[in-house]
Structure formats: structure tokens, C-alpha cells
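Contents: one structure, followed by commentary.
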Amino acid sequence: MNSIATLRHASPADIRTALLTAVIISFPNIVCLSYEWACLCGTECRILIVAYFIFRLLLFASATYAQTALGKKLRASSPSRILAVNSGISATAYLLALPVSVAVSKYIPTDARGSILVFQFMVIAIICSSKTFIDAYKSALKQKDGKAEQAPGVAEIPKPSHLLISTGDRILPVQTDSIAFIYASNRRASVTTLDGKTYQYGQSLDQTMSVLREDSFFRVNKQYIISKKAVAEITVWFDNRLLIKLPGIETPEPVYVSKNKASQFKKWMAQ
């Protein structure tokens, strides 16, 4: 049942791979088709030739599709099992094709025993097994890299709880939790807190975003970084931009989330 569900929910990429592989495997049949078409006379024979070619093409695509889709579940299996499963699928497809090949050979000159079919289904099994091996290897490398990034003993650098803002001969520590938004214009940035106070800030938005917690602050566009605490209402505009309303806090200009960041912003707000 799990295998059937896997086949039903295979991705469009699996279908494209199956069709492309089927066309490549069918190249000898395409060459033979043109030769047989020229040699045989009669509409019925030619229709039979084309129908038989389409039958083989669909069978190749189905076998490749099944092996590619099931390969996702077999990545953790041993190479011998993967090859055995794929060979079994190819053998089943060959047994389905053989009676048709024998029947067709009575009317047109073709490979009655399906010798070429055997070779073609073997190639499909090898190609699909190799793809599964490569995918399993790539997956293992990603997991290894992930574990390396989370190696024990390497502590994550905590984000600062305050921004240090220079005002004349003084330095004011402003809690990041109290910040509503950070605005930049003409290469100058300012920090505005939830209680409406604004301070000039000497860092760029890129530099500032690097020291802020990403679960609390979001770079909505080139001019604004906003705090999740300050968001009161979101309005969807006709061009798919989002307009952010911050209650009781004046902003130099309306706060829009650019349309290429709208989806990411919604996910961030839902966290």
C-alpha cells in the first residue's frame, strides 16, 4: 500500500524524467520505425507499427516512473536491494510486453522474442538504480554537513540585547525588545522605539540586521527593518505588496513589504 501511495504522489519531475528516459531508450525503435514505414505497404501494417511503437514508449515511461518514484523510499536500502527491486519492475514490464511482441510479429517483421526489449529494460533498471544511488549519496552529504554545522562544543554566538547609540558625548543602550522599527534614508539610519522615541544610528540596515534576532525583526524593504511586536495590522495591496500599520507610532513614510518578500514575511509573522 505504501508503494502504491508513493507512485500516486510522485512529483512532476518524476514524470518528466520518465518521459525523457523513455524517449532516449526508444531511439533504436525510432530508427527502425522509419525503416519499417518505408518498407511496408498498406495502411493497416503502418498503423500497427505506430501503435506498437507507442505501446513500447509508454511501457518504458511507466517502468522508469515506477522505479524513480520508489527510489525515493529505497535510498536508505542496500545497493543490492535497490537493484533487485528495479530489475523486478523491468522484468515485469518485459513480461507484459513479450506477448504483444509475439502477436505483432505475425503481421510485421519485428523482434518476436523481445531481445532488444530485454536490453532496453536492463538499461532502464541500471539508470534508475544509479539515480537512486546518487540521490542517496547527496542526501548523506547534506546530513553530514548539517551535523558538522551543529557540532558539539561550538556554541552559537548570542545576539546582543541592546543597541549602543551614540548621541553627542553619550552612549545610550537601547533594548532591542523596545525597538519598533529602524529606518534608513540617504545612507542615514534612525531607530524608533515602541514608545515613539527616535535616535540617530550610525550603522547600515545590513549591519544592524546581522545583530538582531531574525525571529523578532524582519527586513521588509530597502528602507525598513520592523519588529514583530510593532505590527498591528497588515493590508494586502493590489500589486501584492503588504502595507504594515504600526499603531500610535509615526513613520517617515508608509511601511510596505515588497512583493518578493510578502510570502516570507507572512511565514515569519506566523512563527
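Numbering starts fresh at 1 for the residues of each chain in the C-alpha cells, the chains themselves are lettered A, B, ... in the order given, and ligands are numbered from 1 as they appear.
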
Would you give me, as a VMD selection string, the residues in segment 136-260 of chain A that DSSP reads as alpha helix (DSSP H)?
chain A and resid 136 to 149 205 to 209

Long-range neighbours of Val255 of chain A as a list in words, 7 Å cut-off, only C-alpha atoms, 2 positions minimum in chain
Leu243, Ile244, Glu253 and Val257 of chain A

Put those residues in a file: C-alpha atoms, as a PDB file, in the first residue's frame.
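After the write, part.pdb holds the following:
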ATOM      1  CA  LEU A 243       1.115  47.604   3.948  1.00  0.00           C
ATOM      2  CA  ILE A 244       2.126  47.404   7.618  1.00  0.00           C
ATOM      3  CA  GLU A 253       6.783  57.062   5.091  1.00  0.00           C
ATOM      4  CA  VAL A 257       6.659  44.759   2.343  1.00  0.00           C
TER       5      VAL A 257
END

Neighbours of segment 209-216 of chain A within 6 Å (only C-alpha atoms; same-chain residues fewer than 5 positions away dropped), as a VMD selection string?
chain A and resid 159 227 to 228

Just to confirm, what's the straight-line distance from atom CA of Gln120 of chain A to atom CA of Ile25 of chain A in Å (one decimal)?
6.4 Å

Shell of 8 Å around Ile165 of chain A, only C-alpha atoms, local chain residues under 5 positions omitted, as an MDAnalysis selection string
chainID A and resid 171:174 199:202

Written selection (all heavy atoms) as a short mmCIF file (atom, residue, chain, number, x, y, z; two decimals), in the first residue's frame:
data_model
loop_
_atom_site.label_atom_id
_atom_site.label_comp_id
_atom_site.auth_asym_id
_atom_site.auth_seq_id
_atom_site.Cartn_x
_atom_site.Cartn_y
_atom_site.Cartn_z
N ILE A 171 26.62 57.61 25.17
CA ILE A 171 26.24 56.36 24.50
C ILE A 171 25.02 55.80 25.22
O ILE A 171 25.07 55.53 26.43
CB ILE A 171 27.38 55.33 24.51
CG1 ILE A 171 28.58 55.86 23.72
CG2 ILE A 171 26.91 54.00 23.92
CD1 ILE A 171 29.78 54.93 23.73
N LEU A 172 23.93 55.65 24.50
CA LEU A 172 22.68 55.16 25.09
C LEU A 172 22.46 53.69 24.72
O LEU A 172 22.43 53.36 23.53
CB LEU A 172 21.49 55.98 24.60
CG LEU A 172 21.48 57.46 24.95
CD1 LEU A 172 20.23 58.12 24.34
CD2 LEU A 172 21.48 57.65 26.46
N PRO A 173 22.33 52.82 25.70
CA PRO A 173 21.96 51.43 25.40
C PRO A 173 20.44 51.32 25.23
O PRO A 173 19.69 51.59 26.17
CB PRO A 173 22.45 50.67 26.63
CG PRO A 173 22.44 51.66 27.74
CD PRO A 173 22.65 53.02 27.13
N VAL A 174 20.01 50.97 24.06
CA VAL A 174 18.58 50.82 23.77
C VAL A 174 18.26 49.33 23.64
O VAL A 174 18.87 48.63 22.82
CB VAL A 174 18.19 51.56 22.47
CG1 VAL A 174 16.72 51.33 22.14
CG2 VAL A 174 18.49 53.04 22.60
N TYR A 199 16.11 57.82 17.60
CA TYR A 199 17.53 58.09 17.79
C TYR A 199 18.26 57.90 16.46
O TYR A 199 17.95 56.97 15.70
CB TYR A 199 18.14 57.13 18.82
CG TYR A 199 17.44 57.12 20.16
CD1 TYR A 199 16.42 56.19 20.41
CD2 TYR A 199 17.79 57.99 21.17
CE1 TYR A 199 15.78 56.16 21.64
CE2 TYR A 199 17.16 57.97 22.40
CZ TYR A 199 16.15 57.05 22.63
OH TYR A 199 15.51 57.01 23.85
N GLN A 200 19.21 58.77 16.18
CA GLN A 200 20.05 58.60 15.01
C GLN A 200 21.04 57.46 15.25
O GLN A 200 21.58 57.32 16.35
CB GLN A 200 20.80 59.89 14.68
CG GLN A 200 19.89 61.05 14.29
CD GLN A 200 19.03 60.73 13.07
OE1 GLN A 200 19.54 60.21 12.09
NE2 GLN A 200 17.75 61.04 13.15
N TYR A 201 21.22 56.64 14.23
CA TYR A 201 22.04 55.44 14.40
C TYR A 201 23.06 55.37 13.27
O TYR A 201 22.72 55.60 12.10
CB TYR A 201 21.15 54.20 14.41
CG TYR A 201 21.84 52.94 14.83
CD1 TYR A 201 22.58 52.87 16.00
CD2 TYR A 201 21.74 51.78 14.05
CE1 TYR A 201 23.20 51.69 16.39
CE2 TYR A 201 22.36 50.59 14.43
CZ TYR A 201 23.08 50.56 15.60
OH TYR A 201 23.70 49.40 15.99
N GLY A 202 24.29 55.07 13.59
CA GLY A 202 25.38 55.16 12.62
C GLY A 202 25.63 53.91 11.80
O GLY A 202 26.56 53.91 10.99
#

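In terms of minimum interatomic distance to Arg56 of chain A, A:Ala97 ranks closest within A:Ala91, A:Leu194, A:Ala69, A:Ala97, counting only C-alpha atoms.
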
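One finds atom CA of Leu19 of chain A at 8.2 Å from atom CA of Tyr65 of chain A.
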
Quick one: residues within 10 Å of Gln67 of chain A, only C-alpha atoms counted, chain neighbours fewer than 2 positions away excluded, as a list in words?
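Here the answer would be Leu7, Asp14, Ala18, Ala61, Ser62, Ala63, Thr64, Tyr65, Ala69, Leu70, Gly71, Lys72, Leu74, Ile82, Leu83, Val85, Asn86, Ser87, Gly88, Ile89, Ser90, Ile124, Ala125, Ile127, Cys128, Ser129, Lys131 and Thr132 of chain A.
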
To one decimal place in Å, what is the distance between atom CA of Ser258 of chain A and atom CA of Lys222 of chain A?
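Answer for the atom CA of Ser258 of chain A to atom CA of Lys222 of chain A separation: 9.0 Å.
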
Between A:Asn260, A:Thr251, A:Ser204, A:Ser101, smallest distance to Val220 of chain A by only C-alpha atoms belongs to A:Asn260

Selection near Ser263 of chain A, 10 Å with only C-alpha atoms, sequence-local residues under 6 positions removed, as a PDB file with N, CA and C atoms, in the first residue's frame:
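Written out: selection_6.pdb:
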ATOM      1  N   ASN A 240       0.142  43.112  -4.795  1.00  0.00           N
ATOM      2  CA  ASN A 240       0.647  42.036  -3.923  1.00  0.00           C
ATOM      3  C   ASN A 240       1.645  42.508  -2.886  1.00  0.00           C
ATOM      4  N   ARG A 241       1.842  43.816  -2.795  1.00  0.00           N
ATOM      5  CA  ARG A 241       2.628  44.308  -1.668  1.00  0.00           C
ATOM      6  C   ARG A 241       1.772  44.285  -0.402  1.00  0.00           C
ATOM      7  N   LEU A 242       2.451  44.352   0.739  1.00  0.00           N
ATOM      8  CA  LEU A 242       1.753  44.384   2.022  1.00  0.00           C
ATOM      9  C   LEU A 242       2.021  45.724   2.698  1.00  0.00           C
ATOM     10  N   VAL A 257       5.859  45.965   2.552  1.00  0.00           N
ATOM     11  CA  VAL A 257       6.659  44.759   2.343  1.00  0.00           C
ATOM     12  C   VAL A 257       6.681  44.512   0.842  1.00  0.00           C
TER      13      VAL A 257
END
